[in-house]
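**Q** Here it is: the structure, laid out below.
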Amino acid sequence: MTINNINNNINKPQIDGQKLAQQQMQGQSADSKTAQVATQSSVLRQDSVSLTPSAQQLSQAQKKDVEAPVNQEKVDKLKKAITDGDYKINPDVLAQKIAKLESQIFGNGA
């Protein structure tokens with residue numbers, strides 16, 4: 001069976017339907033082989049993750065923070081002081097504590 005081009009009466013070579021079917025089958029066969037190879041390679045490949053030492057230290061610090069007991073009385077007292085406007089921040093002490101925390105996290109040795 002042959003298919004004639006009927007678009008705009010342009011003379012193009014006739015396409016043999018059997019050859020077209022064979023080409024499509026070959027393309028599908030190649031696609032399935034490619035899919036099989038891709039599936040096999042994805043099965044063999046294993047993903048992995050590694051954390052930097054800094055990230056590991058931060059993770060450990062977060063775990064300790066979660067496990068730490070909470071003094072609810074102290075928390076309530078601080079909330080009330082903040083709400084009432086009575087809580088005063090000492091910038092020197094705050095700066096020292098921030099520097100100490102950075103030293104612990106990043107190991108800069110302050």
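Quick note on naming: the chains in the structure tokens go A, B, ... in the order shown, residues restart at 1 in each chain, and ligands are numbered from 1 in order of appearance.
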List as JSON, numbers by chain the protein and nucleic acid residues near region 44-60 of chain A, meaning an atom at most 9 Å away when only C-alpha atoms are counted, but skip any in the same chain fewer than 5 places from it.
**A** {"A": [39, 65, 105, 106, 107]}
**Q** Those same residues, written as a compact mmCIF listing (two decimals), in the first residue's frame with all heavy atoms?
**A**
```
# COMPACT_ATOMS: atom_id res chain seq x y z
N THR A 39 16.78 2.13 32.97
CA THR A 39 16.24 1.52 34.18
C THR A 39 17.33 0.73 34.90
O THR A 39 17.47 0.84 36.11
CB THR A 39 15.06 0.60 33.83
OG1 THR A 39 14.07 1.36 33.15
CG2 THR A 39 14.47 -0.03 35.06
N ASP A 65 19.85 20.72 71.88
CA ASP A 65 18.88 21.76 72.18
C ASP A 65 17.49 21.17 72.38
O ASP A 65 16.75 21.57 73.27
CB ASP A 65 18.85 22.80 71.06
CG ASP A 65 17.94 23.97 71.37
OD1 ASP A 65 18.01 24.49 72.51
OD2 ASP A 65 17.16 24.36 70.49
N ILE A 105 30.55 26.83 67.35
CA ILE A 105 30.03 26.25 66.10
C ILE A 105 31.14 26.13 65.05
O ILE A 105 31.30 25.08 64.44
CB ILE A 105 28.87 27.11 65.54
CG1 ILE A 105 27.66 27.00 66.46
CG2 ILE A 105 28.49 26.66 64.13
CD1 ILE A 105 26.51 27.93 66.09
N PHE A 106 31.89 27.17 64.85
CA PHE A 106 32.87 27.21 63.77
C PHE A 106 34.29 26.90 64.21
O PHE A 106 35.19 26.82 63.38
CB PHE A 106 32.81 28.56 63.04
CG PHE A 106 31.46 28.86 62.46
CD1 PHE A 106 30.68 29.87 62.97
CD2 PHE A 106 30.95 28.09 61.42
CE1 PHE A 106 29.43 30.15 62.43
CE2 PHE A 106 29.71 28.35 60.88
CZ PHE A 106 28.95 29.37 61.40
N GLY A 107 34.53 26.80 65.52
CA GLY A 107 35.85 26.45 66.02
C GLY A 107 36.90 27.52 65.81
O GLY A 107 38.05 27.22 65.56
```
**Q** Please measure the separation of CA of Lys79 (chain A) and CA of Glu67 (chain A), giving the value in Å to one decimal.
**A**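 Separating CA of Lys79 (chain A) from CA of Glu67 (chain A) is a distance of 21.8 Å.
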**Q** Apply DSSP to the backbone of this structure and, from region 52-110 of chain A, keep only the residues in helix (DSSP H, G or I); write these as a ChimeraX atom specification.
**A** /A:53-67,72-84,91-106
**Q** Could you please take those selected residues and save N, CA and C atoms as a tab-separated table (two decimals), in the first residue's frame?
**A**
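As a result, out_8.tsv now contains:
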```tsv
chain	number	residue	atom	x	y	z
A	53	PRO	N	31.92	18.63	58.38
A	53	PRO	CA	32.07	18.60	59.84
A	53	PRO	C	31.27	19.72	60.52
A	54	SER	N	31.21	20.89	59.91
A	54	SER	CA	30.43	21.99	60.51
A	54	SER	C	28.95	21.64	60.56
A	55	ALA	N	28.45	21.03	59.51
A	55	ALA	CA	27.04	20.63	59.48
A	55	ALA	C	26.76	19.55	60.51
A	56	GLN	N	27.72	18.64	60.69
A	56	GLN	CA	27.56	17.59	61.70
A	56	GLN	C	27.52	18.20	63.10
A	57	GLN	N	28.39	19.17	63.36
A	57	GLN	CA	28.39	19.83	64.66
A	57	GLN	C	27.08	20.57	64.90
A	58	LEU	N	26.59	21.24	63.88
A	58	LEU	CA	25.33	21.96	64.01
A	58	LEU	C	24.18	21.00	64.27
A	59	SER	N	24.18	19.87	63.60
A	59	SER	CA	23.15	18.86	63.82
A	59	SER	C	23.20	18.34	65.26
A	60	GLN	N	24.39	18.10	65.77
A	60	GLN	CA	24.54	17.64	67.15
A	60	GLN	C	24.07	18.70	68.14
A	61	ALA	N	24.37	19.97	67.85
A	61	ALA	CA	23.93	21.06	68.73
A	61	ALA	C	22.40	21.16	68.73
A	62	GLN	N	21.78	20.96	67.58
A	62	GLN	CA	20.32	21.01	67.50
A	62	GLN	C	19.70	19.87	68.28
A	63	LYS	N	20.31	18.68	68.23
A	63	LYS	CA	19.80	17.55	68.99
A	63	LYS	C	19.89	17.83	70.49
A	64	LYS	N	21.01	18.40	70.92
A	64	LYS	CA	21.17	18.73	72.34
A	64	LYS	C	20.13	19.76	72.77
A	65	ASP	N	19.85	20.72	71.88
A	65	ASP	CA	18.88	21.76	72.18
A	65	ASP	C	17.49	21.17	72.38
A	66	VAL	N	17.13	20.21	71.55
A	66	VAL	CA	15.81	19.57	71.64
A	66	VAL	C	15.71	18.75	72.92
A	67	GLU	N	16.82	18.12	73.30
A	67	GLU	CA	16.83	17.26	74.48
A	67	GLU	C	16.93	18.05	75.79
A	72	GLN	N	10.18	26.29	82.50
A	72	GLN	CA	9.00	27.02	82.09
A	72	GLN	C	8.77	28.27	82.94
A	73	GLU	N	9.15	28.21	84.22
A	73	GLU	CA	8.99	29.37	85.10
A	73	GLU	C	9.84	30.55	84.60
A	74	LYS	N	11.06	30.24	84.21
A	74	LYS	CA	11.95	31.28	83.70
A	74	LYS	C	11.43	31.83	82.37
A	75	VAL	N	10.93	30.96	81.50
A	75	VAL	CA	10.38	31.38	80.21
A	75	VAL	C	9.20	32.34	80.43
A	76	ASP	N	8.30	31.97	81.35
A	76	ASP	CA	7.14	32.82	81.63
A	76	ASP	C	7.56	34.18	82.20
A	77	LYS	N	8.57	34.16	83.05
A	77	LYS	CA	9.07	35.40	83.66
A	77	LYS	C	9.65	36.32	82.57
A	78	LEU	N	10.42	35.75	81.65
A	78	LEU	CA	10.99	36.54	80.56
A	78	LEU	C	9.91	37.08	79.62
A	79	LYS	N	8.91	36.26	79.31
A	79	LYS	CA	7.81	36.71	78.46
A	79	LYS	C	7.10	37.90	79.08
A	80	LYS	N	6.86	37.81	80.37
A	80	LYS	CA	6.17	38.91	81.06
A	80	LYS	C	7.02	40.17	81.05
A	81	ALA	N	8.33	40.04	81.29
A	81	ALA	CA	9.22	41.21	81.29
A	81	ALA	C	9.25	41.86	79.90
A	82	ILE	N	9.28	41.04	78.84
A	82	ILE	CA	9.30	41.58	77.48
A	82	ILE	C	7.97	42.28	77.19
A	83	THR	N	6.87	41.65	77.55
A	83	THR	CA	5.55	42.22	77.31
A	83	THR	C	5.37	43.55	78.05
A	84	ASP	N	5.85	43.59	79.28
A	84	ASP	CA	5.71	44.80	80.10
A	84	ASP	C	6.73	45.88	79.72
A	91	PRO	N	24.15	45.03	75.65
A	91	PRO	CA	24.80	44.74	74.36
A	91	PRO	C	26.17	44.09	74.50
A	92	ASP	N	26.93	44.43	75.56
A	92	ASP	CA	28.25	43.82	75.73
A	92	ASP	C	28.14	42.34	76.03
A	93	VAL	N	27.23	41.98	76.92
A	93	VAL	CA	27.05	40.57	77.27
A	93	VAL	C	26.51	39.80	76.05
A	94	LEU	N	25.59	40.40	75.32
A	94	LEU	CA	25.04	39.78	74.12
A	94	LEU	C	26.14	39.52	73.10
A	95	ALA	N	27.00	40.49	72.88
A	95	ALA	CA	28.10	40.34	71.91
A	95	ALA	C	29.05	39.23	72.35
A	96	GLN	N	29.34	39.14	73.63
A	96	GLN	CA	30.23	38.09	74.13
A	96	GLN	C	29.61	36.70	73.92
A	97	LYS	N	28.31	36.61	74.17
A	97	LYS	CA	27.63	35.31	74.00
A	97	LYS	C	27.56	34.90	72.53
A	98	ILE	N	27.34	35.86	71.66
A	98	ILE	CA	27.32	35.56	70.22
A	98	ILE	C	28.70	35.10	69.77
A	99	ALA	N	29.75	35.78	70.22
A	99	ALA	CA	31.11	35.39	69.85
A	99	ALA	C	31.44	33.99	70.38
A	100	LYS	N	31.00	33.69	71.58
A	100	LYS	CA	31.24	32.36	72.17
A	100	LYS	C	30.51	31.28	71.37
A	101	LEU	N	29.27	31.56	70.99
A	101	LEU	CA	28.50	30.59	70.21
A	101	LEU	C	29.15	30.35	68.85
A	102	GLU	N	29.57	31.41	68.18
A	102	GLU	CA	30.25	31.25	66.88
A	102	GLU	C	31.53	30.46	67.04
A	103	SER	N	32.23	30.69	68.12
A	103	SER	CA	33.47	29.96	68.37
A	103	SER	C	33.17	28.47	68.54
A	104	GLN	N	32.09	28.14	69.25
A	104	GLN	CA	31.73	26.75	69.44
A	104	GLN	C	31.28	26.10	68.14
A	105	ILE	N	30.55	26.83	67.35
A	105	ILE	CA	30.03	26.25	66.10
A	105	ILE	C	31.14	26.13	65.05
A	106	PHE	N	31.89	27.17	64.85
A	106	PHE	CA	32.87	27.21	63.77
A	106	PHE	C	34.29	26.90	64.21
```
